[in-house]
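Below is entry_15.cif, holding mmCIF, C-alpha atoms.
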```cif
data_start
loop_
_atom_site.label_atom_id
_atom_site.label_comp_id
_atom_site.auth_asym_id
_atom_site.auth_seq_id
_atom_site.Cartn_x
_atom_site.Cartn_y
_atom_site.Cartn_z
CA MET A 1086 8.18 141.99 132.09
CA ARG A 1087 8.68 145.69 132.75
CA LYS A 1088 8.41 148.36 130.08
CA VAL A 1089 11.76 149.64 128.79
CA ALA A 1090 12.59 152.99 127.20
CA ILE A 1091 15.58 154.58 125.51
CA ILE A 1092 16.28 158.03 126.95
CA GLY A 1093 19.74 158.82 125.59
CA VAL A 1094 21.65 158.27 122.34
CA GLY A 1095 25.18 159.00 121.18
CA MET A 1096 27.46 158.09 118.31
CA THR A 1097 30.75 159.04 116.72
CA LYS A 1098 31.34 160.08 113.16
CA PHE A 1099 31.44 156.98 110.96
CA GLY A 1100 34.26 156.65 108.43
CA ALA A 1101 37.95 155.92 107.97
CA LEU A 1102 39.08 157.30 111.34
CA TRP A 1103 42.79 156.55 111.21
CA ASP A 1104 43.61 158.88 114.10
CA ARG A 1105 41.30 157.03 116.51
CA ASP A 1106 41.41 153.71 118.35
CA MET A 1107 38.56 151.38 119.26
CA THR A 1108 38.48 152.33 122.93
CA SER A 1109 38.31 156.09 122.38
CA LEU A 1110 35.44 155.63 119.90
CA ALA A 1111 33.46 153.53 122.38
CA VAL A 1112 34.05 156.04 125.18
CA GLU A 1113 32.97 158.98 123.02
CA ALA A 1114 29.69 157.31 122.04
CA GLY A 1115 28.97 156.33 125.64
CA VAL A 1116 29.65 159.80 127.02
CA LYS A 1117 27.36 161.36 124.40
CA ALA A 1118 24.57 158.93 125.27
CA ILE A 1119 24.89 159.66 129.01
CA ARG A 1120 24.82 163.40 128.41
CA ASP A 1121 21.83 163.08 126.10
CA ALA A 1122 20.03 161.11 128.80
CA GLY A 1123 20.82 163.75 131.40
CA ILE A 1124 22.22 161.21 133.84
CA HIS A 1125 25.56 160.79 135.61
CA GLN A 1126 28.17 158.19 134.91
CA LYS A 1127 27.64 156.68 138.35
CA ASP A 1128 23.96 156.03 137.55
CA VAL A 1129 24.81 153.35 134.97
CA GLU A 1130 24.33 149.87 136.44
CA VAL A 1131 25.26 147.53 133.57
CA LEU A 1132 26.93 147.69 130.15
CA TYR A 1133 26.39 145.51 127.06
CA GLY A 1134 28.80 146.12 124.18
CA GLY A 1135 28.59 144.63 120.70
CA THR A 1136 31.71 144.02 118.63
CA MET A 1137 32.34 141.40 116.00
CA SER A 1138 36.09 140.91 116.16
CA GLY A 1139 38.18 143.26 118.26
CA GLY A 1140 40.87 140.60 118.41
CA LEU A 1141 41.35 140.32 114.67
CA PHE A 1142 40.62 143.92 113.70
CA ALA A 1143 42.42 145.68 116.58
CA ASN A 1144 44.40 142.98 118.42
CA GLN A 1145 42.29 143.53 121.54
CA GLU A 1146 40.13 141.00 123.31
CA HIS A 1147 38.56 141.30 126.79
CA LEU A 1148 36.77 144.37 125.51
CA ALA A 1149 34.05 144.28 128.15
CA SER A 1150 36.60 145.02 130.83
CA LYS A 1151 38.64 147.50 128.82
CA ILE A 1152 35.73 149.65 127.64
CA SER A 1153 34.17 149.65 131.10
CA ASP A 1154 37.53 150.61 132.61
CA TYR A 1155 38.29 153.43 130.16
CA SER A 1156 34.72 154.72 130.46
CA GLY A 1157 35.02 155.01 134.22
CA PHE A 1158 32.34 152.42 134.99
CA LYS A 1159 33.85 150.78 138.04
CA ASN A 1160 32.60 147.49 139.48
CA ILE A 1161 29.52 147.12 137.26
CA PRO A 1162 28.69 144.08 135.12
CA SER A 1163 30.08 144.58 131.61
CA VAL A 1164 29.34 142.09 128.85
CA ARG A 1165 30.75 141.80 125.35
CA VAL A 1166 28.20 140.53 122.81
CA GLU A 1167 29.26 138.88 119.53
CA ALA A 1168 26.86 138.00 116.72
CA ALA A 1169 28.88 139.00 113.64
CA CYS A 1170 27.30 142.08 112.00
CA ALA A 1171 24.29 141.74 114.34
CA SER A 1172 26.44 142.23 117.45
CA GLY A 1173 25.04 145.70 118.14
CA GLY A 1174 21.43 144.65 117.70
CA VAL A 1175 21.86 141.65 119.98
CA ALA A 1176 23.63 143.85 122.59
CA LEU A 1177 20.57 146.12 122.51
CA ARG A 1178 18.29 143.13 123.03
CA GLN A 1179 20.36 141.84 125.95
CA ALA A 1180 20.22 145.24 127.65
CA TYR A 1181 16.48 145.39 126.99
CA LEU A 1182 15.93 141.94 128.54
CA ASP A 1183 18.08 142.90 131.53
CA ILE A 1184 15.97 145.97 132.32
CA ALA A 1185 12.68 144.22 131.48
CA SER A 1186 13.53 141.39 133.88
CA GLY A 1187 14.06 143.78 136.78
CA ALA A 1188 17.74 142.94 137.21
CA HIS A 1189 18.79 146.59 136.70
CA ASP A 1190 17.13 149.96 136.11
CA ILE A 1191 19.70 151.78 133.93
CA ALA A 1192 21.83 150.16 131.22
CA ILE A 1193 24.00 151.19 128.32
CA ALA A 1194 23.93 149.19 125.09
CA GLY A 1195 26.77 150.05 122.74
CA GLY A 1196 28.63 148.84 119.70
CA VAL A 1197 32.04 149.56 118.23
CA GLU A 1198 34.36 148.40 115.47
CA LYS A 1199 37.74 149.63 114.22
CA MET A 1200 38.19 148.16 110.76
CA THR A 1201 40.28 150.48 108.58
CA ASP A 1202 43.70 149.91 110.13
CA LEU A 1203 44.00 146.78 107.99
CA GLY A 1204 44.04 146.36 104.22
CA ASN A 1205 41.03 145.25 102.19
CA TYR A 1206 42.28 141.67 101.87
CA SER A 1207 42.66 141.28 105.63
CA VAL A 1208 39.30 142.90 106.37
CA THR A 1209 37.53 140.67 103.83
CA LYS A 1210 39.18 137.60 105.35
CA ILE A 1211 38.11 138.62 108.88
CA LEU A 1212 34.54 139.31 107.79
CA SER A 1213 34.40 135.90 106.11
CA THR A 1214 34.73 134.28 109.54
CA ALA A 1215 31.06 135.24 110.02
CA ALA A 1216 30.24 132.67 107.33
CA ASP A 1217 30.78 128.92 107.78
CA THR A 1218 34.55 128.58 107.58
CA ASP A 1219 34.26 124.79 107.23
CA SER A 1220 31.90 124.70 104.26
CA GLU A 1221 32.05 128.20 102.70
CA GLY A 1222 35.22 129.96 103.72
CA ILE A 1223 37.41 126.96 102.95
CA PHE A 1224 36.37 127.26 99.30
CA GLY A 1225 37.13 130.98 99.19
CA ALA A 1226 33.57 132.24 99.59
CA THR A 1227 33.32 135.85 100.75
CA PHE A 1228 30.21 137.85 101.59
CA PRO A 1229 30.11 139.67 98.25
CA GLY A 1230 30.12 136.23 96.62
CA LEU A 1231 27.42 134.80 98.89
CA TYR A 1232 25.11 137.78 98.47
CA ALA A 1233 25.82 137.76 94.73
CA MET A 1234 24.36 134.25 94.56
CA MET A 1235 21.24 135.52 96.32
CA ALA A 1236 21.04 138.48 93.95
CA ARG A 1237 21.47 136.37 90.83
CA LEU A 1238 18.75 133.93 91.92
CA HIS A 1239 16.40 136.82 92.80
CA MET A 1240 16.96 138.26 89.34
CA HIS A 1241 16.33 134.88 87.71
CA LYS A 1242 13.26 134.02 89.76
CA TYR A 1243 11.52 137.40 90.04
CA GLY A 1244 12.92 139.54 87.24
CA THR A 1245 14.75 141.89 89.61
CA THR A 1246 17.20 144.13 87.73
CA GLU A 1247 20.56 145.67 88.46
CA GLU A 1248 18.88 149.06 88.07
CA GLN A 1249 16.45 148.21 90.86
CA MET A 1250 19.31 147.22 93.15
CA ALA A 1251 21.11 150.42 92.18
CA ALA A 1252 18.02 152.40 93.22
CA VAL A 1253 18.63 151.22 96.80
CA ALA A 1254 22.12 152.71 96.78
CA VAL A 1255 20.98 155.97 95.19
CA LYS A 1256 18.20 156.45 97.75
CA ASN A 1257 20.44 155.65 100.72
CA HIS A 1258 23.20 158.03 99.58
CA LYS A 1259 20.58 160.76 99.23
CA ASN A 1260 19.31 160.07 102.74
CA ALA A 1261 22.83 160.24 104.19
CA LEU A 1262 23.26 163.84 103.02
CA THR A 1263 21.37 165.06 106.10
CA ASN A 1264 23.11 162.70 108.55
CA LYS A 1265 26.18 164.50 109.92
CA TYR A 1266 27.61 161.24 111.26
CA ALA A 1267 27.44 159.40 107.92
CA GLN A 1268 30.58 158.18 106.17
CA PHE A 1269 29.49 159.41 102.74
CA HIS A 1270 27.91 162.75 101.88
CA LYS A 1271 27.81 162.33 98.14
CA GLN A 1272 24.78 161.84 95.95
CA ILE A 1273 25.11 159.17 93.27
CA SER A 1274 23.03 158.19 90.24
CA ILE A 1275 21.76 154.89 88.90
CA GLN A 1276 24.37 155.18 86.16
CA ASP A 1277 27.14 155.72 88.71
CA VAL A 1278 26.22 152.44 90.37
CA LEU A 1279 25.96 150.57 87.06
CA ASN A 1280 29.32 151.95 85.93
CA SER A 1281 31.12 150.98 89.14
CA PRO A 1282 33.31 147.87 88.91
CA TYR A 1283 31.90 144.44 89.66
CA ILE A 1284 33.18 142.88 92.87
CA SER A 1285 31.07 139.74 92.49
CA ASP A 1286 28.66 139.74 89.56
CA PRO A 1287 25.96 141.14 89.77
CA ILE A 1288 27.13 143.08 92.85
CA LYS A 1289 29.20 146.13 92.05
CA LEU A 1290 31.32 148.39 94.22
CA LEU A 1291 28.48 150.87 94.76
CA ASP A 1292 26.11 148.05 95.69
CA ALA A 1293 28.24 147.32 98.76
CA SER A 1294 28.53 148.94 102.18
CA PRO A 1295 32.00 150.32 103.02
CA ILE A 1296 34.68 149.39 105.53
CA THR A 1297 34.06 151.69 108.49
CA ASP A 1298 35.24 152.74 111.94
CA GLY A 1299 32.75 154.00 114.50
CA ALA A 1300 30.81 153.52 117.71
CA ALA A 1301 27.26 154.09 118.95
CA ALA A 1302 25.51 153.83 122.32
CA VAL A 1303 22.05 154.16 123.86
CA VAL A 1304 20.82 154.46 127.45
CA LEU A 1305 17.96 152.14 128.41
CA VAL A 1306 15.88 152.53 131.57
CA SER A 1307 12.90 151.02 133.32
CA GLU A 1308 9.47 152.65 133.09
CA GLU A 1309 9.82 154.14 136.56
CA LYS A 1310 13.18 155.70 135.72
CA ALA A 1311 11.92 156.92 132.34
CA LYS A 1312 9.11 158.87 133.99
CA GLU A 1313 11.56 160.31 136.48
CA LEU A 1314 14.34 161.25 134.05
CA CYS A 1315 12.86 161.96 130.61
CA ASP A 1316 10.03 163.89 128.96
CA THR A 1317 10.46 162.16 125.59
CA PRO A 1318 11.17 158.46 126.17
CA VAL A 1319 11.10 156.11 123.20
CA TRP A 1320 9.64 152.75 124.20
CA ILE A 1321 10.84 149.37 122.97
CA ALA A 1322 7.51 147.80 122.08
CA GLY A 1323 8.83 144.57 120.61
CA SER A 1324 12.07 142.61 120.42
CA GLY A 1325 12.73 139.46 118.42
CA HIS A 1326 15.91 137.44 117.92
CA ALA A 1327 16.38 134.26 115.87
CA THR A 1328 19.03 132.18 114.14
CA ASP A 1329 19.20 130.07 110.99
CA SER A 1330 21.72 127.86 109.24
CA ILE A 1331 24.99 129.78 109.04
CA SER A 1332 25.63 128.53 105.50
CA LEU A 1333 23.55 129.07 102.38
CA HIS A 1334 23.72 125.45 101.23
CA ASP A 1335 21.80 124.23 104.29
CA ARG A 1336 18.78 126.49 103.66
CA GLU A 1337 15.57 125.48 101.94
CA ASP A 1338 15.43 128.83 100.14
CA ILE A 1339 18.41 131.17 100.05
CA LEU A 1340 16.09 134.06 99.20
CA THR A 1341 14.26 133.82 102.52
CA LEU A 1342 16.25 134.70 105.63
CA LYS A 1343 14.27 132.64 108.11
CA ALA A 1344 16.05 134.28 111.03
CA THR A 1345 14.62 137.63 109.88
CA VAL A 1346 11.15 136.18 109.35
CA GLU A 1347 11.09 134.58 112.81
CA ALA A 1348 12.65 137.54 114.65
CA ALA A 1349 10.15 139.89 113.01
CA LYS A 1350 7.24 137.59 113.84
CA ARG A 1351 8.22 137.63 117.52
CA ALA A 1352 8.68 141.42 117.59
CA TYR A 1353 5.34 142.06 115.84
CA LEU A 1354 3.57 139.69 118.20
CA GLN A 1355 5.00 141.36 121.30
CA ALA A 1356 4.17 144.84 119.99
CA LYS A 1357 0.69 143.65 118.94
CA ILE A 1358 1.04 145.13 115.46
CA THR A 1359 1.55 144.02 111.86
CA PRO A 1360 4.03 145.16 109.20
CA LYS A 1361 1.53 147.70 107.83
CA ASP A 1362 1.72 149.57 111.15
CA ILE A 1363 5.45 150.34 110.75
CA GLN A 1364 5.97 153.90 109.50
CA VAL A 1365 9.77 154.01 109.11
CA ALA A 1366 12.46 151.31 109.21
CA GLU A 1367 16.21 150.85 109.32
CA VAL A 1368 17.06 147.54 107.64
CA HIS A 1369 20.32 145.69 107.15
CA ASP A 1370 21.62 146.75 103.73
CA CYS A 1371 25.19 145.43 103.72
CA PHE A 1372 24.54 145.00 99.98
CA THR A 1373 21.70 146.46 97.96
CA ILE A 1374 20.14 143.01 97.49
CA SER A 1375 20.05 142.75 101.31
CA GLU A 1376 17.63 145.66 101.55
CA LEU A 1377 15.35 144.07 98.97
CA LEU A 1378 15.36 140.75 100.83
CA ALA A 1379 14.66 142.56 104.10
CA LEU A 1380 11.62 144.35 102.67
CA GLU A 1381 10.19 140.95 101.74
CA ASP A 1382 11.15 139.01 104.86
CA LEU A 1383 9.85 141.75 107.19
CA GLY A 1384 6.46 141.59 105.47
CA PHE A 1385 6.47 145.03 103.84
CA VAL A 1386 5.99 143.53 100.35
CA GLU A 1387 5.32 140.11 98.86
CA LYS A 1388 8.29 137.91 97.96
CA GLY A 1389 9.79 139.04 94.67
CA GLN A 1390 8.17 142.51 94.71
CA ALA A 1391 10.86 144.52 96.52
CA GLY A 1392 12.73 145.55 93.36
CA LYS A 1393 9.67 147.13 91.74
CA PHE A 1394 8.57 148.60 95.08
CA THR A 1395 11.93 150.35 95.41
CA GLU A 1396 12.08 151.40 91.76
CA ASP A 1397 8.67 153.07 92.17
CA GLY A 1398 9.98 155.24 95.04
CA GLN A 1399 7.91 153.58 97.75
CA THR A 1400 10.92 153.38 100.14
CA GLU A 1401 11.83 157.06 99.78
CA PHE A 1402 10.63 159.97 101.93
CA GLY A 1403 7.01 160.44 100.98
CA GLY A 1404 6.70 156.82 99.85
CA LYS A 1405 4.70 154.05 101.46
CA ILE A 1406 7.43 153.27 104.01
CA PRO A 1407 10.70 155.25 104.21
CA ILE A 1408 13.62 152.82 104.54
CA ASN A 1409 17.10 153.62 105.87
CA THR A 1410 16.49 157.31 106.45
CA SER A 1411 19.95 157.51 108.07
CA GLY A 1412 21.64 156.44 104.85
CA GLY A 1413 21.71 152.81 105.90
CA LEU A 1414 24.85 150.73 106.14
CA LYS A 1415 25.45 151.61 102.50
CA ALA A 1416 26.07 155.34 103.01
CA LYS A 1417 26.05 155.91 106.77
CA GLY A 1418 28.76 153.25 107.03
CA HIS A 1419 28.99 149.78 108.53
CA PRO A 1420 31.33 149.44 111.55
CA VAL A 1421 29.91 145.98 112.01
CA GLY A 1422 29.64 145.83 115.81
CA ALA A 1423 28.07 149.30 115.98
CA SER A 1424 25.57 149.12 113.13
CA GLY A 1425 22.63 147.69 115.11
CA ILE A 1426 22.94 150.41 117.75
CA ALA A 1427 23.23 153.14 115.10
CA GLN A 1428 19.99 151.84 113.58
CA ALA A 1429 18.28 152.22 116.97
CA ILE A 1430 19.61 155.76 117.26
CA GLU A 1431 18.01 156.70 113.93
CA ALA A 1432 14.73 155.15 115.09
CA VAL A 1433 14.85 157.16 118.31
CA LYS A 1434 15.65 160.38 116.45
CA GLN A 1435 12.80 159.80 114.01
CA LEU A 1436 10.34 159.28 116.85
CA ARG A 1437 11.66 162.32 118.74
CA GLY A 1438 11.49 164.44 115.59
CA GLU A 1439 15.25 165.07 115.68
CA ALA A 1440 16.41 163.23 112.54
CA GLY A 1441 17.97 164.97 109.57
CA ASN A 1442 14.87 164.23 107.52
CA ASN A 1443 11.90 163.67 109.80
CA THR A 1444 9.07 161.36 108.79
CA GLY A 1445 6.72 162.28 111.64
CA ALA A 1446 6.56 158.59 112.50
CA GLU A 1447 5.21 157.22 115.76
CA THR A 1448 6.30 153.61 115.19
CA ALA A 1449 9.70 152.48 113.87
CA LEU A 1450 11.49 149.19 113.22
CA THR A 1451 15.15 148.18 113.12
CA HIS A 1452 16.52 145.01 111.52
CA ASN A 1453 20.10 143.82 112.05
CA VAL A 1454 21.61 140.70 110.41
CA GLY A 1455 24.71 138.65 111.18
CA GLY A 1456 26.56 137.00 108.30
CA SER A 1457 24.38 135.98 105.37
CA GLY A 1458 21.39 135.54 107.68
CA GLY A 1459 22.64 133.18 110.38
CA THR A 1460 21.44 135.68 112.99
CA ALA A 1461 18.77 138.37 112.87
CA VAL A 1462 17.36 140.72 115.49
CA VAL A 1463 14.34 143.01 115.06
CA HIS A 1464 13.21 145.80 117.37
CA ILE A 1465 10.03 147.88 117.26
CA PHE A 1466 9.95 151.34 118.85
CA ARG A 1467 7.07 153.65 119.81
CA ARG A 1468 6.98 157.31 120.67
#
```
When written as structure tokens, how does the structure in this file appear?
Amino acid sequence: MRKVAIIGVGMTKFGALWDRDMTSLAVEAGVKAIRDAGIHQKDVEVLYGGTMSGGLFANQEHLASKISDYSGFKNIPSVRVEAACASGGVALRQAYLDIASGAHDIAIAGGVEKMTDLGNYSVTKILSTAADTDSEGIFGATFPGLYAMMARLHMHKYGTTEEQMAAVAVKNHKNALTNKYAQFHKQISIQDVLNSPYISDPIKLLDASPITDGAAAVVLVSEEKAKELCDTPVWIAGSGHATDSISLHDREDILTLKATVEAAKRAYLQAKITPKDIQVAEVHDCFTISELLALEDLGFVEKGQAGKFTEDGQTEFGGKIPINTSGGLKAKGHPVGASGIAQAIEAVKQLRGEAGNNTGAETALTHNVGGSGGTAVVHIFRR
């Protein structure tokens, strides 16, 4: 397989963008990525776009054709990728595999979602289709409820506290202050999180990521093209993708997302490194408990230790491993199809030294999850 680099990144503002439509967001992110890469529109050979549910959120299917058309990419292969909230991460992997295989030399991987045109009830119902509608959704289970069960068991089994989960939200809101594209630029306190209303005990409003509109895109190229076009390529050193039971009741342990464990194992093996070699990471924090589970499943801490690790400041800037330096899904926002690509953009910016708060890292990891862990994709990047 050929080496693959990212040479261009672009994203829109994340937030409640009521004056925008899905297509214009996707086009904006793509244009920014092309300009950042210093290439021309006609140089792009293939497009992979992640979106969870354009049909239900925006009444638009056949998005591969529409986005390619409106972006001016004529007669190139264009593929829509769907993997629930991991759609963007899987789109990135598909573009990576395409270039690595030798099929094409220049690709765009993007992600987009337009969620805020509908009310909260409708959005929650649409998102619940990423769970098992036959065995979970039919009983009224929503993702706050499913993750609340994980959180409650983690608290019971390992002594994790609501304050420790709140520390995730506080840290990620602080990180988002320097990210101009983030949905929220407001610092919060542990007490703010604890005082926010419960949406599914023990998960409170400020433990949850928001409903968000937005798009993100990256330009991937072969090693030969990277040397020709870019002085600061960021290399994809490892890529892992795995699935697990879509429903919680079919898992041996609902506190271990086996898809994450397996995807990470494959990415580490390809990159020839271990978790201790990762210097900064963007992990899937749709709820604060999700970040704690990710820290454990990715091998950064032992099972049950993520709450104390976070409480002690080890995931902050200056800690053992800075996590979600962009603000994460919690504060940057979570336009579900775009989130995996936005994570990659933060990794690239960290390795280029262009992030709002730079860690000086040379190796970064991104972790994107679909549903309650039915899909996971992990990428490792090197400067």
As an exercise, work out the distance from CA of Ala1366 in chain A to CA of Arg1351 in chain A in Å and give it to one decimal place.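 Interatomic distance here is 16.6 Å.
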Quick one: distance from CA of Gln1179 in chain A to CA of Val1166 in chain A in Å, one decimal? 8.5 Å
CA of Arg1336 in chain A to CA of Met1234 in chain A, straight-line distance in Å: 13.2 Å
The PyMOL selection byres ((chain A and resi 1415-1421) around 8) resolved against shown file, as a PyMOL selection string: chain A and resi 1099-1100+1136-1137+1169-1173+1197-1200+1254+1257-1258+1261+1264+1266-1270+1292-1300+1370-1373+1411-1414+1422-1424
So that I can check the surroundings of range 1122-1135 of chain A, please list as a PyMOL selection string every protein, DNA and RNA residue that reaches within 9 Å of it, counting only C-alpha atoms and ignoring chain neighbours fewer than 5 positions away. chain A and resi 1091-1094+1111+1116-1117+1148-1149+1152-1153+1156-1159+1161-1168+1171-1177+1179-1180+1183+1189-1198+1302-1304+1314-1315+1421-1423+1425-1426
Expansion of the PyMOL selection byres ((chain A and resi 1215) around 10) into residues, as JSON, numbers by chain: {"A": [1137, 1138, 1168, 1169, 1170, 1210, 1211, 1212, 1213, 1214, 1216, 1217, 1218, 1222, 1227, 1228, 1331, 1332, 1455, 1456, 1457, 1458, 1459]}
The PyMOL selection byres ((chain A and resi 1143) around 8) on the file shown: which residues, as number ranges by chain? A: 1107, 1138-1142, 1144-1145, 1199-1200, 1202
Create the file for the chosen residues now, containing C-alpha atoms and written as an mmCIF file, in the frame of the given file.
```cif
data_model
loop_
_atom_site.group_PDB
_atom_site.id
_atom_site.type_symbol
_atom_site.label_atom_id
_atom_site.label_comp_id
_atom_site.auth_asym_id
_atom_site.auth_seq_id
_atom_site.Cartn_x
_atom_site.Cartn_y
_atom_site.Cartn_z
ATOM 1 C CA MET A 1107 38.560 151.380 119.260
ATOM 2 C CA SER A 1138 36.090 140.910 116.160
ATOM 3 C CA GLY A 1139 38.180 143.260 118.260
ATOM 4 C CA GLY A 1140 40.870 140.600 118.410
ATOM 5 C CA LEU A 1141 41.350 140.320 114.670
ATOM 6 C CA PHE A 1142 40.620 143.920 113.700
ATOM 7 C CA ASN A 1144 44.400 142.980 118.420
ATOM 8 C CA GLN A 1145 42.290 143.530 121.540
ATOM 9 C CA LYS A 1199 37.740 149.630 114.220
ATOM 10 C CA MET A 1200 38.190 148.160 110.760
ATOM 11 C CA ASP A 1202 43.700 149.910 110.130
#
```
Which one is closest to Ala1101 in chain A: A:Ile1363, A:Leu1182, A:Leu1203, A:Ile1119? Count only C-alpha atoms.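 Of the candidates, the smallest distance to Ala1101 in chain A is held by A:Leu1203.
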Could you name the residues that touch Asn1280 in chain A at 10 Å or less, counting only C-alpha atoms, but leaving out those on the same chain fewer than 5 positions away, as an MDAnalysis selection string? chainID A and resid 1274:1275 1289:1291
Around the point (25.8, 128.2, 101.1) in the file's coordinates, collect all residues with an atom within 8 Å, using only C-alpha atoms, and return them as a PDB file with C-alpha atoms, in the coordinates of the input.
```pdb
ATOM      1  CA  SER A1220      31.900 124.700 104.260  1.00  0.00           C
ATOM      2  CA  GLU A1221      32.050 128.200 102.700  1.00  0.00           C
ATOM      3  CA  LEU A1231      27.420 134.800  98.890  1.00  0.00           C
ATOM      4  CA  SER A1332      25.630 128.530 105.500  1.00  0.00           C
ATOM      5  CA  LEU A1333      23.550 129.070 102.380  1.00  0.00           C
ATOM      6  CA  HIS A1334      23.720 125.450 101.230  1.00  0.00           C
ATOM      7  CA  ASP A1335      21.800 124.230 104.290  1.00  0.00           C
ATOM      8  CA  ARG A1336      18.780 126.490 103.660  1.00  0.00           C
TER       9      ARG A1336
END
```
Fewer than 4 positions away in the same chain doesn't count, so skip those; otherwise give me all residues within 12 Å of Lys1343 in chain A, counting only C-alpha atoms, as a ChimeraX atom specification. /A:1326-1331,1333,1335-1339,1347-1350,1378-1379,1381-1383,1454,1457-1462
Out of A:Val1253, A:Arg1437, A:Val1365, A:Thr1201, which residue has the shortest atom-to-atom distance to Glu1396 in chain A when counting all atoms listed in the file?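 For Glu1396 in chain A, the nearest of the given residues is A:Val1253.
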Which residue gives the smallest distance to Ser1186 in chain A among A:Met1096, A:Val1208, A:Met1086, A:Leu1279, with all atoms listed in the file counted? A:Met1086
Please build the interface table for range 1341-1454 of chain A against range 1305-1312 of chain A with a cut-off of 12 Å, listing for each qualifying residue the nearest atom pair and the distance in Å to one decimal; count all atoms listed in the file, order rows by chain and increasing number, and write it as JSON lines.
```
{"residue": "A:Ile1426", "atom": "CA", "partner": "A:Leu1305", "partner_atom": "CA", "distance": 11.9}
{"residue": "A:Ala1429", "atom": "CA", "partner": "A:Leu1305", "partner_atom": "CA", "distance": 11.4}
{"residue": "A:Ile1430", "atom": "CA", "partner": "A:Leu1305", "partner_atom": "CA", "distance": 11.8}
{"residue": "A:Val1433", "atom": "CA", "partner": "A:Leu1305", "partner_atom": "CA", "distance": 11.7}
```
Pick out the closest residue to Arg1178 in chain A from this set: A:Thr1448, A:Ile1374, A:Val1112, A:Ile1321. Count all atoms listed in the file.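 Closest candidate: A:Ile1321.
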Rank A:His1239, A:Trp1103, A:Ala1427, A:Leu1262 by their smallest atom-to-atom distance to Thr1341 in chain A, using all atoms listed in the file, and report the top residue only. A:His1239
My list of candidates is A:Thr1209, A:Lys1256, A:Met1235, A:Ala1090. Which is closest to Asp1397 in chain A when distances are computed with only C-alpha atoms? A:Lys1256
Contacts of Asp1286 in chain A at 10 Å (only C-alpha atoms; same-chain gap of 6+ positions) as a VMD selection string: chain A and resid 1229 to 1230 1232 to 1234 1236 to 1237
Which residues come within 8 Å of Val1368 in chain A, counting all atoms listed in the file, excluding same-chain residues fewer than 3 positions away, as a count of residues only? 9
